[in-house]
Amino acid sequence: MPYHPSTSIVGLTALIAAAFLATPVFAQSLQPGEVRASGSITGINQFDTNLDHSGSFHWAGVQIGGNVTRQFTPQVAAGFSLRYDYQDWNWDKPAAFAGRAPWSRLNAPLVGLNLSYAIAPDWRLGFSPSVEWSGESGAKASDSLNYGALLTATRTVSPDLVLGFGLGVFRQIDENKVFPFLLVNWKISDRLRLGNPLQAGPAGGAGLELAYALSERWEVGGGGSYRSYRFRLNDDGPVPGGIGENRFIPLFARLSYSIDKSTRADFYAAGFVNGKLTVDNAGGHDVYSDEYNSAPAIGLTVSHRF
């Protein structure tokens with residue numbers, strides 16, 4: 001049966017990429033002194049979709065990420081994560097935004113720590129702080145800061161079932177966000193598994209995915225989550241120094257191929273539903289907003305564990 005991680009690094013690149021950069025939330029298989037590292041690259045394209053008040057948009061993005069974890073003792077594991085997200089947006093006469101493109105190119109580098117401690121053989125606590133700079137090209141880094149942490153507690157119920165609960169607490173530019181989420185790693189049978197396809201973070205919780213192993217190399221899955229991310233706008237657009245936001249529910253289907261024991265490719269087809277775009281001015285007051293139709297998207301992740 002192909003290996004599959006519990007979580008993945010996701011950010012601005014549409015949050016449907018199960019990139020397999022596992023945090024210590026479920027990292028209980030390492031022996032003291034062992035180090036695990038992984039990396040991935042994801043490409044995604046959201047196709048053209050209409051805005052409710054006339055006009056349309058589409059965007060494409062790429063994400064590069066890496067993660068290193070060391071098991072220091074049977075109880076303590078620690079590591080760090082690095083990630084860079086990029087999106088290129090294109091607009092066609094968005095009426096709700098006065099016919100002008102509210103933003104174009106978005107960048108979001110992130111640095112995070114992953115700490116976990118086993119308080120008992122079947123209980124593990126996690127603490128994952130992170131700092132992200134999320135903004136349009138040309139925006140001031142000091143005005144684009146997102147920071148916060150994830151707090152998690154998981155219990156190994158049986159060799160085939162790990163359950164947990166998490167809480168995300170983040171400052172997203174000028175807005176505080178607190179959200180709970182569930183952590184699940186359940187091997188229902190030799191072929192069927194329920195787990196978290198996305199890593200919780202500033203944009204939202206981990207979501208759920210049901211996956212089925214077709215063979216030793218092929219796996220299919222499907223799931224969804226909720227995502228919302230904010231970013232600082234530059235001073236050259238229609239709302240200088242403002243704040244953009246994209247909120248949506250990503251529903252996706254996945255087809256994965258294990259190239260070898262350490263490398264795999266994930267192909268995605270997705271729909272972003274209940275989507276909404278907003279623009280606030282530099283003071284945080286709403287200026288423009290518009291909802292958009294269900295948006296089709298495709299993505300590809302190639303990941304490797306060292």
# chains A, B, ... in the order shown; residues from 1 in each chain; ligands from 1
>>> select_by_dssp(residues="segment 23-233 of chain A", states="strand (DSSP E)", output="MDAnalysis selection string")
chainID A and resid 35:50 56:71 76:92 105:120 123:133 135:136 145:158 161:172 175:187 192:195 208:213 218:224 227:232
>>> write_last_selection(atoms="C-alpha atoms", output="compact mmCIF listing (two decimals), in the first residue's frame")
# COMPACT_ATOMS: atom_id res chain seq x y z
CA VAL A 35 15.91 12.96 11.26
CA ARG A 36 13.24 13.13 8.55
CA ALA A 37 13.22 15.74 5.79
CA SER A 38 10.84 16.29 2.90
CA GLY A 39 10.25 18.75 0.10
CA SER A 40 7.65 19.48 -2.54
CA ILE A 41 6.71 21.71 -5.43
CA THR A 42 3.12 22.40 -6.45
CA GLY A 43 1.63 24.06 -9.49
CA ILE A 44 -2.02 25.07 -9.72
CA ASN A 45 -4.34 26.81 -12.13
CA GLN A 46 -7.78 28.18 -11.31
CA PHE A 47 -9.69 28.61 -14.55
CA ASP A 48 -11.69 31.68 -15.48
CA THR A 49 -14.77 32.21 -13.33
CA ASN A 50 -17.45 34.91 -13.32
CA SER A 56 -14.28 37.53 -14.32
CA PHE A 57 -10.85 36.45 -13.10
CA HIS A 58 -8.42 33.54 -13.14
CA TRP A 59 -5.08 32.85 -11.52
CA ALA A 60 -2.16 30.44 -11.51
CA GLY A 61 0.34 29.77 -8.77
CA VAL A 62 3.31 27.78 -7.55
CA GLN A 63 4.39 26.69 -4.08
CA ILE A 64 7.75 25.36 -2.89
CA GLY A 65 8.10 23.94 0.61
CA GLY A 66 10.40 21.98 2.86
CA ASN A 67 10.28 20.41 6.31
CA VAL A 68 12.87 18.87 8.68
CA THR A 69 11.98 16.97 11.87
CA ARG A 70 14.27 15.37 14.46
CA GLN A 71 13.21 12.95 17.17
CA VAL A 76 10.26 15.06 22.18
CA ALA A 77 10.35 15.87 18.45
CA ALA A 78 11.12 19.24 16.88
CA GLY A 79 11.65 20.67 13.44
CA PHE A 80 11.09 23.61 11.14
CA SER A 81 9.25 24.39 7.91
CA LEU A 82 9.99 26.79 5.07
CA ARG A 83 7.52 27.69 2.33
CA TYR A 84 7.13 30.14 -0.51
CA ASP A 85 3.83 30.77 -2.32
CA TYR A 86 3.25 32.80 -5.47
CA GLN A 87 0.03 33.63 -7.35
CA ASP A 88 -0.48 35.55 -10.59
CA TRP A 89 -4.04 36.93 -10.95
CA ASN A 90 -5.67 38.16 -14.17
CA TRP A 91 -8.93 40.16 -14.31
CA ASP A 92 -11.50 41.13 -16.92
CA ARG A 105 0.92 39.18 -8.13
CA LEU A 106 0.86 37.77 -4.59
CA ASN A 107 3.81 36.49 -2.56
CA ALA A 108 3.80 34.67 0.77
CA PRO A 109 7.04 33.31 2.29
CA LEU A 110 6.61 31.48 5.60
CA VAL A 111 8.87 30.20 8.40
CA GLY A 112 7.51 27.84 11.03
CA LEU A 113 8.55 25.62 13.94
CA ASN A 114 7.03 22.24 14.78
CA LEU A 115 7.30 20.98 18.35
CA SER A 116 5.66 17.92 19.89
CA TYR A 117 5.80 16.18 23.26
CA ALA A 118 4.39 12.78 24.23
CA ILE A 119 2.90 13.18 27.69
CA ALA A 120 1.96 9.48 27.68
CA TRP A 123 -1.04 11.09 24.03
CA ARG A 124 0.96 13.75 22.18
CA LEU A 125 0.81 17.55 22.39
CA GLY A 126 1.92 19.85 19.57
CA PHE A 127 2.87 23.51 19.28
CA SER A 128 3.57 25.02 15.84
CA PRO A 129 4.23 28.77 15.68
CA SER A 130 4.77 30.44 12.30
CA VAL A 131 5.47 33.80 10.72
CA GLU A 132 4.32 34.67 7.19
CA TRP A 133 4.69 37.76 5.02
CA GLY A 135 1.35 40.66 0.25
CA GLU A 136 1.14 41.88 -3.30
CA LEU A 145 2.88 40.21 8.58
CA ASN A 146 0.81 37.18 9.61
CA TYR A 147 1.79 35.29 12.75
CA GLY A 148 0.35 32.85 15.24
CA ALA A 149 0.41 29.23 16.29
CA LEU A 150 -1.38 25.89 16.22
CA LEU A 151 -2.01 23.96 19.44
CA THR A 152 -2.84 20.27 19.06
CA ALA A 153 -3.52 17.19 21.18
CA THR A 154 -3.72 13.71 19.65
CA ARG A 155 -4.42 10.27 21.08
CA THR A 156 -3.43 6.93 19.57
CA VAL A 157 -6.63 4.97 20.08
CA SER A 158 -5.30 1.87 18.29
CA LEU A 161 -6.61 5.10 14.59
CA VAL A 162 -5.24 8.43 15.81
CA LEU A 163 -7.69 11.17 16.79
CA GLY A 164 -7.01 14.71 17.90
CA PHE A 165 -8.18 18.25 18.34
CA GLY A 166 -6.47 21.50 17.43
CA LEU A 167 -6.84 25.22 17.89
CA GLY A 168 -5.42 27.85 15.55
CA VAL A 169 -4.73 31.35 16.88
CA PHE A 170 -3.45 33.85 14.31
CA ARG A 171 -3.05 37.55 13.68
CA GLN A 172 -3.76 37.91 9.95
CA GLU A 175 -7.51 40.73 12.05
CA ASN A 176 -7.46 38.10 14.79
CA LYS A 177 -8.58 34.59 13.83
CA VAL A 178 -9.27 31.70 16.19
CA PHE A 179 -10.57 28.39 14.85
CA PRO A 180 -10.86 24.78 16.09
CA PHE A 181 -10.19 21.76 13.87
CA LEU A 182 -10.14 17.95 14.03
CA LEU A 183 -7.13 15.72 13.40
CA VAL A 184 -7.80 12.22 12.06
CA ASN A 185 -5.58 9.42 10.85
CA TRP A 186 -7.82 6.34 10.52
CA LYS A 187 -6.85 3.23 8.59
CA LEU A 192 -9.40 2.68 2.83
CA ARG A 193 -8.20 5.61 4.97
CA LEU A 194 -9.68 8.81 6.42
CA GLY A 195 -7.30 11.66 7.18
CA LEU A 208 -11.03 15.79 5.72
CA GLU A 209 -10.22 13.38 2.90
CA LEU A 210 -11.29 9.79 2.23
CA ALA A 211 -8.63 7.87 0.26
CA TYR A 212 -8.62 4.43 -1.37
CA ALA A 213 -5.53 2.49 -2.48
CA TRP A 218 -1.97 4.19 -7.22
CA GLU A 219 -4.37 5.89 -4.80
CA VAL A 220 -7.54 7.99 -5.24
CA GLY A 221 -9.12 10.34 -2.76
CA GLY A 222 -11.55 13.18 -2.30
CA GLY A 223 -12.32 15.76 0.34
CA GLY A 224 -12.64 19.40 1.26
CA ARG A 227 -9.97 28.52 3.53
CA SER A 228 -9.59 32.27 4.03
CA TYR A 229 -6.42 34.28 3.53
CA ARG A 230 -5.59 37.99 3.65
CA PHE A 231 -2.74 39.91 2.02
CA ARG A 232 -1.45 43.47 1.93
>>> atom_distance(atom1="atom CA of Leu233 of chain A", atom2="atom CA of Phe252 of chain A")
29.0 Å
>>> closest_residue(among="A:Ser225, A:Asn246, A:Ser142, A:Gln75", to="Asp280 of chain A", atoms="only C-alpha atoms")
A:Asn246
>>> atom_distance(atom1="atom CA of Ser189 of chain A", atom2="atom CA of Asp160 of chain A")
8.6 Å
>>> residues_around(residues="Phe272 of chain A", least_positions_apart="2", cutoff="6 Å", atoms="only C-alpha atoms", output="list in words")
Phe248, Ile249, Pro250, Ser294 and Ala295 of chain A
>>> write_last_selection(atoms="N, CA and C atoms", output="mmCIF file, in the first residue's frame")
data_model
loop_
_atom_site.group_PDB
_atom_site.id
_atom_site.type_symbol
_atom_site.label_atom_id
_atom_site.label_comp_id
_atom_site.auth_asym_id
_atom_site.auth_seq_id
_atom_site.Cartn_x
_atom_site.Cartn_y
_atom_site.Cartn_z
ATOM 1 N N PHE A 248 -13.087 30.780 0.428
ATOM 2 C CA PHE A 248 -13.749 29.768 -0.395
ATOM 3 C C PHE A 248 -13.688 28.414 0.291
ATOM 4 N N ILE A 249 -14.462 27.466 -0.232
ATOM 5 C CA ILE A 249 -14.439 26.078 0.220
ATOM 6 C C ILE A 249 -13.866 25.239 -0.918
ATOM 7 N N PRO A 250 -12.664 24.677 -0.771
ATOM 8 C CA PRO A 250 -12.111 23.829 -1.825
ATOM 9 C C PRO A 250 -12.610 22.387 -1.689
ATOM 10 N N SER A 294 -18.758 29.032 -8.740
ATOM 11 C CA SER A 294 -17.877 27.890 -8.482
ATOM 12 C C SER A 294 -16.762 27.865 -9.517
ATOM 13 N N ALA A 295 -15.521 27.787 -9.034
ATOM 14 C CA ALA A 295 -14.362 27.939 -9.899
ATOM 15 C C ALA A 295 -13.635 26.608 -10.052
#
>>> closest_residue(among="A:Pro159, A:Gly271, A:Gly284, A:Gly204", to="Ala297 of chain A", atoms="only C-alpha atoms")
A:Gly271
